[in-house]
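Structure file model-v7.txt with compact mmCIF, C-alpha atoms and all ligand atoms:
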```txt
# COMPACT_ATOMS: atom_id res chain seq x y z
CA MET A 19 0.00 0.00 0.00
CA VAL A 20 1.44 3.36 -1.00
CA SER A 21 0.56 6.08 1.46
CA THR A 22 1.74 9.35 2.84
CA LEU A 23 2.26 9.74 6.55
CA LYS A 24 -0.20 12.22 8.03
CA LEU A 25 -0.01 14.24 11.25
CA ALA A 26 -3.18 14.78 13.25
CA PRO A 27 -2.85 17.22 16.18
CA SER A 28 -5.22 16.26 19.03
CA ILE A 29 -6.99 19.30 20.48
CA LEU A 30 -7.32 17.50 23.81
CA SER A 31 -4.05 19.26 24.64
CA ALA A 32 -5.03 22.65 23.14
CA ASP A 33 -5.60 25.90 25.02
CA PHE A 34 -9.37 26.19 24.70
CA THR A 35 -9.29 29.95 25.30
CA ARG A 36 -7.42 30.18 21.97
CA LEU A 37 -8.78 27.22 20.03
CA GLY A 38 -9.45 29.02 16.74
CA GLU A 39 -6.01 30.60 16.67
CA GLN A 40 -4.32 27.30 17.55
CA LEU A 41 -6.19 25.45 14.82
CA ALA A 42 -5.12 28.07 12.28
CA THR A 43 -1.53 27.56 13.41
CA CYS A 44 -1.87 23.77 13.03
CA GLN A 45 -3.14 24.23 9.50
CA SER A 46 -0.48 26.71 8.41
CA ALA A 47 2.22 24.50 9.97
CA GLY A 48 1.16 21.61 7.73
CA ALA A 49 -1.08 19.42 9.90
CA ASP A 50 -3.14 16.98 7.82
CA TRP A 51 -6.14 16.27 10.06
CA VAL A 52 -7.46 17.61 13.38
CA HIS A 53 -8.15 14.89 15.96
CA ILE A 54 -11.05 15.55 18.35
CA ASP A 55 -11.39 13.36 21.45
CA VAL A 56 -14.96 13.00 22.69
CA MET A 57 -15.19 11.43 26.17
CA ASP A 58 -18.32 10.76 28.20
CA GLY A 59 -17.11 9.86 31.70
CA ARG A 60 -18.56 6.35 31.22
CA PHE A 61 -16.57 4.58 28.51
CA VAL A 62 -13.48 6.39 29.77
CA PRO A 63 -12.80 8.10 33.12
CA ASN A 64 -12.80 11.65 31.74
CA ILE A 65 -15.30 14.09 30.21
CA THR A 66 -14.26 16.36 27.36
CA MET A 67 -16.09 17.83 24.40
CA GLY A 68 -19.13 17.33 22.19
CA PRO A 69 -20.67 18.45 18.88
CA LEU A 70 -20.46 22.11 19.90
CA ILE A 71 -16.65 22.00 19.78
CA VAL A 72 -16.68 20.08 16.50
CA GLU A 73 -18.88 22.80 15.03
CA ALA A 74 -16.52 25.52 16.31
CA ALA A 75 -13.47 23.67 14.95
CA ARG A 76 -15.26 23.37 11.60
CA ARG A 77 -15.42 27.17 11.41
CA ALA A 78 -11.76 27.58 12.42
CA THR A 79 -10.10 25.21 9.92
CA SER A 80 -10.70 23.52 6.60
CA LEU A 81 -8.68 20.45 7.67
CA PRO A 82 -10.58 17.14 7.95
CA LEU A 83 -12.00 16.69 11.45
CA ASP A 84 -11.23 13.22 12.79
CA VAL A 85 -13.75 12.68 15.58
CA HIS A 86 -12.84 9.91 18.04
CA LEU A 87 -15.86 8.88 20.11
CA MET A 88 -14.84 7.39 23.45
CA ILE A 89 -18.45 7.06 24.53
CA VAL A 90 -20.97 4.32 25.23
CA GLU A 91 -23.81 3.89 22.72
CA PRO A 92 -21.97 5.93 20.06
CA GLU A 93 -24.70 5.15 17.49
CA ARG A 94 -27.00 7.58 19.33
CA TYR A 95 -24.77 10.55 18.53
CA ILE A 96 -23.28 9.95 15.08
CA GLU A 97 -25.85 12.06 13.25
CA MET A 98 -25.23 14.95 15.62
CA PHE A 99 -21.47 14.79 15.03
CA ALA A 100 -21.96 14.47 11.27
CA LYS A 101 -24.15 17.59 11.28
CA ALA A 102 -21.56 19.41 13.36
CA GLY A 103 -19.02 18.86 10.57
CA ALA A 104 -17.11 15.64 11.34
CA HIS A 105 -15.34 14.19 8.30
CA HIS A 106 -14.49 10.95 10.08
CA ILE A 107 -16.35 9.34 12.96
CA THR A 108 -14.55 6.60 14.86
CA VAL A 109 -16.34 4.36 17.36
CA HIS A 110 -14.80 1.86 19.75
CA VAL A 111 -15.46 -1.82 19.05
CA GLU A 112 -15.66 -2.29 22.84
CA ALA A 113 -18.61 0.15 22.98
CA SER A 114 -20.44 -1.12 19.89
CA PRO A 115 -22.37 -4.41 20.08
CA HIS A 116 -23.84 -3.67 16.63
CA LEU A 117 -20.68 -2.39 14.99
CA HIS A 118 -21.68 -3.53 11.48
CA ARG A 119 -24.85 -1.43 11.61
CA THR A 120 -23.06 1.53 13.19
CA LEU A 121 -20.37 1.65 10.47
CA GLN A 122 -23.05 1.49 7.78
CA ALA A 123 -24.93 4.31 9.48
CA ILE A 124 -21.80 6.50 9.60
CA ARG A 125 -21.12 5.97 5.90
CA ALA A 126 -24.78 6.63 5.04
CA LEU A 127 -24.30 10.11 6.52
CA GLY A 128 -21.49 10.74 4.01
CA VAL A 129 -18.80 10.50 6.70
CA ARG A 130 -15.73 8.21 6.67
CA ALA A 131 -16.15 5.40 9.19
CA GLY A 132 -13.52 4.44 11.74
CA ILE A 133 -13.09 1.70 14.33
CA ALA A 134 -10.92 2.16 17.44
CA LEU A 135 -9.29 -0.67 19.40
CA ASN A 136 -8.28 -0.43 23.04
CA PRO A 137 -4.82 -1.80 23.89
CA HIS A 138 -6.24 -5.17 25.01
CA THR A 139 -8.40 -5.73 21.91
CA PRO A 140 -6.97 -7.89 19.12
CA VAL A 141 -7.35 -7.13 15.40
CA SER A 142 -9.31 -10.37 15.07
CA ALA A 143 -12.20 -8.66 16.94
CA ILE A 144 -12.90 -6.45 13.91
CA GLU A 145 -11.93 -8.63 10.94
CA GLU A 146 -15.54 -9.26 9.91
CA VAL A 147 -16.33 -5.55 9.60
CA LEU A 148 -13.07 -4.22 8.15
CA PRO A 149 -14.63 -4.01 4.65
CA LEU A 150 -16.99 -1.35 6.11
CA ALA A 151 -14.16 0.74 7.60
CA ASP A 152 -12.20 3.62 6.11
CA LEU A 153 -9.84 3.96 9.04
CA VAL A 154 -8.76 2.04 12.13
CA THR A 155 -7.45 3.78 15.23
CA ILE A 156 -5.10 1.69 17.34
CA MET A 157 -4.96 3.01 20.88
CA THR A 158 -1.32 3.11 21.88
CA VAL A 159 -2.35 4.24 25.39
CA ASN A 160 -5.39 3.45 27.51
CA PRO A 161 -7.90 6.06 26.33
CA GLY A 162 -8.91 8.91 28.59
CA PHE A 163 -5.98 11.28 28.94
CA GLY A 164 -3.24 12.97 26.95
CA GLY A 165 0.44 12.80 27.84
CA GLN A 166 0.68 9.08 28.62
CA THR A 167 3.48 6.66 27.71
CA LEU A 168 3.13 4.67 24.48
CA ILE A 169 2.28 0.97 24.92
CA ALA A 170 4.72 -0.62 22.48
CA SER A 171 3.02 -4.03 22.62
CA ALA A 172 0.12 -2.53 20.60
CA LEU A 173 2.33 -1.75 17.59
CA HIS A 174 2.14 -5.20 15.99
CA LYS A 175 -1.52 -4.47 15.19
CA PHE A 176 -0.45 -1.96 12.54
CA THR A 177 1.54 -4.66 10.77
CA GLN A 178 -1.47 -7.00 10.85
CA LEU A 179 -3.83 -4.34 9.51
CA ARG A 180 -1.38 -3.26 6.85
CA ARG A 181 -1.23 -6.86 5.64
CA TRP A 182 -5.04 -7.15 5.63
CA SER A 183 -5.32 -3.90 3.68
CA ASP A 184 -2.78 -5.04 1.06
CA ASP A 185 -4.20 -8.56 0.75
CA ASN A 186 -7.72 -7.24 0.26
CA ALA A 187 -6.84 -4.17 -1.82
CA HIS A 188 -8.92 -2.14 0.65
CA PRO A 189 -7.28 1.17 1.58
CA LEU A 190 -7.32 1.93 5.30
CA ASP A 191 -5.89 4.86 7.18
CA LEU A 192 -4.14 3.36 10.21
CA VAL A 193 -4.17 5.86 13.04
CA ALA A 194 -1.81 5.70 16.04
CA ASP A 195 -3.40 7.40 19.03
CA GLY A 196 -1.53 8.13 22.26
CA GLY A 197 2.05 8.56 23.35
CA VAL A 198 3.32 9.61 19.92
CA ASN A 199 6.24 11.99 20.43
CA LEU A 200 9.73 12.72 19.13
CA GLN A 201 11.11 9.59 20.79
CA THR A 202 8.42 7.18 19.56
CA ILE A 203 7.11 8.48 16.23
CA ALA A 204 9.66 6.74 13.99
CA ALA A 205 8.96 3.32 15.54
CA VAL A 206 5.20 3.87 15.21
CA ALA A 207 5.53 4.74 11.51
CA GLN A 208 7.90 1.82 11.04
CA ALA A 209 5.24 -0.51 12.47
CA GLY A 210 2.83 0.58 9.72
CA ALA A 211 0.80 3.50 11.11
CA THR A 212 -0.13 6.02 8.41
CA VAL A 213 -1.65 8.73 10.63
CA LEU A 214 0.13 9.93 13.75
CA VAL A 215 -1.99 11.67 16.40
CA GLY A 216 -0.04 14.13 18.52
CA GLY A 217 -1.48 15.87 21.56
CA ASN A 218 1.23 16.96 23.95
CA ALA A 219 3.98 16.68 21.32
CA VAL A 220 2.21 19.42 19.34
CA PHE A 221 0.39 21.66 21.81
CA ALA A 222 2.87 21.48 24.70
CA HIS A 223 6.00 21.90 22.60
CA PRO A 224 8.21 24.41 24.44
CA SER A 225 8.62 26.68 21.41
CA GLY A 226 5.06 26.41 20.14
CA ILE A 227 2.71 24.44 17.94
CA ALA A 228 4.43 25.09 14.60
CA ASP A 229 7.76 23.90 15.99
CA GLY A 230 6.05 20.85 17.51
CA ILE A 231 4.66 19.86 14.12
CA ALA A 232 7.96 20.58 12.35
CA ALA A 233 9.88 18.48 14.91
CA LEU A 234 7.53 15.51 14.44
CA ARG A 235 7.91 15.79 10.65
CA ALA A 236 11.68 15.93 11.01
CA ALA A 237 11.63 12.82 13.21
CA LEU A 238 9.72 11.03 10.41
CA ALA A 239 12.25 11.92 7.74
CA GLY A 240 13.70 8.79 6.24
CA GLN A 241 10.57 6.70 6.83
CA PRO A 242 9.45 4.99 3.60
CA HIS A 243 6.15 6.90 3.29
CA ALA A 244 7.20 10.21 4.91
C1 LIG A 301 -6.32 9.54 24.52
C2 LIG A 301 -6.67 10.36 23.29
C3 LIG A 301 -5.51 10.85 22.48
C4 LIG A 301 -4.68 11.89 23.16
C5 LIG A 301 -3.26 11.77 22.68
O1 LIG A 301 -7.49 9.06 25.08
O2 LIG A 301 -7.49 9.57 22.44
O3 LIG A 301 -5.95 11.36 21.24
O4 LIG A 301 -5.12 13.19 22.92
O5 LIG A 301 -2.49 12.62 23.45
P1 LIG A 301 -0.91 12.49 23.56
O6 LIG A 301 -0.37 12.64 22.15
O7 LIG A 301 -0.52 13.60 24.46
O8 LIG A 301 -0.61 11.11 24.10
ZN ZN A 302 -8.07 10.07 20.24
```
Have the structure of the file written as structure tokens, please.
Ligand code: DX5
Ligand code: ZN
Amino acid sequence: MVSTLKLAPSILSADFTRLGEQLATCQSAGADWVHIDVMDGRFVPNITMGPLIVEAARRATSLPLDVHLMIVEPERYIEMFAKAGAHHITVHVEASPHLHRTLQAIRALGVRAGIALNPHTPVSAIEEVLPLADLVTIMTVNPGFGGQTLIASALHKFTQLRRWSDDNAHPLDLVADGGVNLQTIAAVAQAGATVLVGGNAVFAHPSGIADGIAALRAALAGQPHA
């Protein structure tokens, strides 16, 4: 599979008093997607943002909005997020007993459909529905918070999914979410991820967002699809 590595800043680590300005900086610094972490305090032990923030982000950037739903019963809210301007909606397999139907419903709204896997969930759990997916998000931390340490034992899942994608001639964006930073990004790309989410590595970079993005790009230099 020929692909280009994409960077997706996660606004979980943004300064929400300056969200519009920070999104404009992400875009001008060459970010590819904007990653938006929706948490409900039930599926994960944290509460973050909803459709209102997606709608505000939509007005602040023309980058694709990659909405990651870490919520129970995600099927109840997909239409709301689609209307708010999500380009991708990703649901967790662990929160979706009717995942086949949910992925179909996302696509029927004209939105790209994603599946997310917690660190303990094997790729085999989603094999039957991969033909209905446009992207798969591999959690490389336990979902809920930014700034955690990458769980390296999750990386083999990118290799498995890459192989499935090639064997079935079905393009998939393979998203690495959590703990991606200057020290880990090359190994994550090497494993087969095609989209690198960066929260702290972008928004908490000591010399600013643009430098954070540039540093991640520089750390990817030399990777086959960089
Ligand atoms: C974790 C979130 C991640 C998080 C990544 O639950 O899904 O998207 O923002 O943050 P960093 O890059 O700081 O690990
Ligand atoms: Zn996320």
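Atom to atom, atom CA of A:Ala32 and atom CA of A:Met57 stand 15.4 Å apart.
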- Task: Mind giving me the straight-line distance from atom CA of A:Val215 to atom CA of A:Val109 in Å, one decimal?
- Result: 16.1 Å
- Which residue gives the smallest distance to A:Ala228 among A:Leu23, A:Ala78, A:Ala123, A:Ala47, with only C-alpha atoms counted?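 Answer, going by the shortest atom-to-atom distance: A:Ala47.
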- Message: Just want the residues within 8 Å of ligand LIG 301 (chain A), written as a ChimeraX atom specification, counting all atoms listed in the file.
- Response: /A:27-31,53-55,86,88,157,159-168,195-199,215-220
- Message: I want to know what sits within 12 Å of A:Glu112, based on only C-alpha atoms, with residues of the same chain fewer than 6 positions away left out; could you give that as a ChimeraX atom specification?
- Response: /A:61-62,87-92,133-140,143-144,161
- Message: I want to know what sits within 8 Å of A:Val213, based on all atoms listed in the file, with residues of the same chain fewer than 2 positions away left out; could you give that as number ranges by chain?
- Response: A: 23-26, 191-194, 211, 215
- Distance in Å - atom CA of A:Leu190 versus atom CA of A:Gly132: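 Answer for the atom CA of A:Leu190 to atom CA of A:Gly132 separation: 9.3 Å.
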- Item | Distance criterion (only C-alpha atoms): nearest to A:Ser183 out of A:Ser171, A:Ile231, A:Leu41, A:Leu148 | A:Leu148
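With all atoms listed in the file taken into account, every residue lying no more than 12 Å from the file point (11.6, 12.0, 8.4) is included here: Thr22, Leu23, Lys24, Leu200, Ile203, Ala204, Ala205, Ala207, Gln208, Ile231, Ala232, Ala233, Leu234, Arg235, Ala236, Ala237, Leu238, Ala239, Gly240, Gln241, Pro242, His243 and Ala244 of chain A.
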Selection near A:Leu179, 9 Å with only C-alpha atoms, sequence-local residues under 3 positions removed, as a PDB file with C-alpha atoms, keeping the file's coordinate frame:
```pdb
ATOM      1  CA  VAL A 141      -7.350  -7.130  15.400  1.00  0.00           C
ATOM      2  CA  VAL A 154      -8.760   2.040  12.130  1.00  0.00           C
ATOM      3  CA  HIS A 174       2.140  -5.200  15.990  1.00  0.00           C
ATOM      4  CA  LYS A 175      -1.520  -4.470  15.190  1.00  0.00           C
ATOM      5  CA  PHE A 176      -0.450  -1.960  12.540  1.00  0.00           C
ATOM      6  CA  TRP A 182      -5.040  -7.150   5.630  1.00  0.00           C
ATOM      7  CA  SER A 183      -5.320  -3.900   3.680  1.00  0.00           C
ATOM      8  CA  ASP A 184      -2.780  -5.040   1.060  1.00  0.00           C
ATOM      9  CA  LEU A 190      -7.320   1.930   5.300  1.00  0.00           C
ATOM     10  CA  LEU A 192      -4.140   3.360  10.210  1.00  0.00           C
ATOM     11  CA  GLY A 210       2.830   0.580   9.720  1.00  0.00           C
TER      12      GLY A 210
END
```
- Task: Identify, on the basis of all atoms listed in the file, every residue whose closest approach to A:Leu70 does not exceed 9 Å; exclude the query and any residue fewer than 3 positions from it along the same chain; express the result as a list in words.
- Result: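 Final neighbour list, sorted by chain and number: Met67, Glu73, Ala74, Ala75, Phe99 and Ala102 of chain A.
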- Task: Considering all atoms listed in the file, return as a list in words whatever protein or nucleic-acid residues lie within 12 Å of A:Arg77, sequence-local ones (same chain, fewer than 3 positions apart) excluded.
- Result: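 Near A:Arg77, the qualifying residues are Leu37, Gly38, Glu39, Leu41, Ala42, Leu70, Ile71, Val72, Glu73, Ala74, Ser80, Leu81, Pro82, Leu83, Ala102, Gly103 and Ala104 of chain A.
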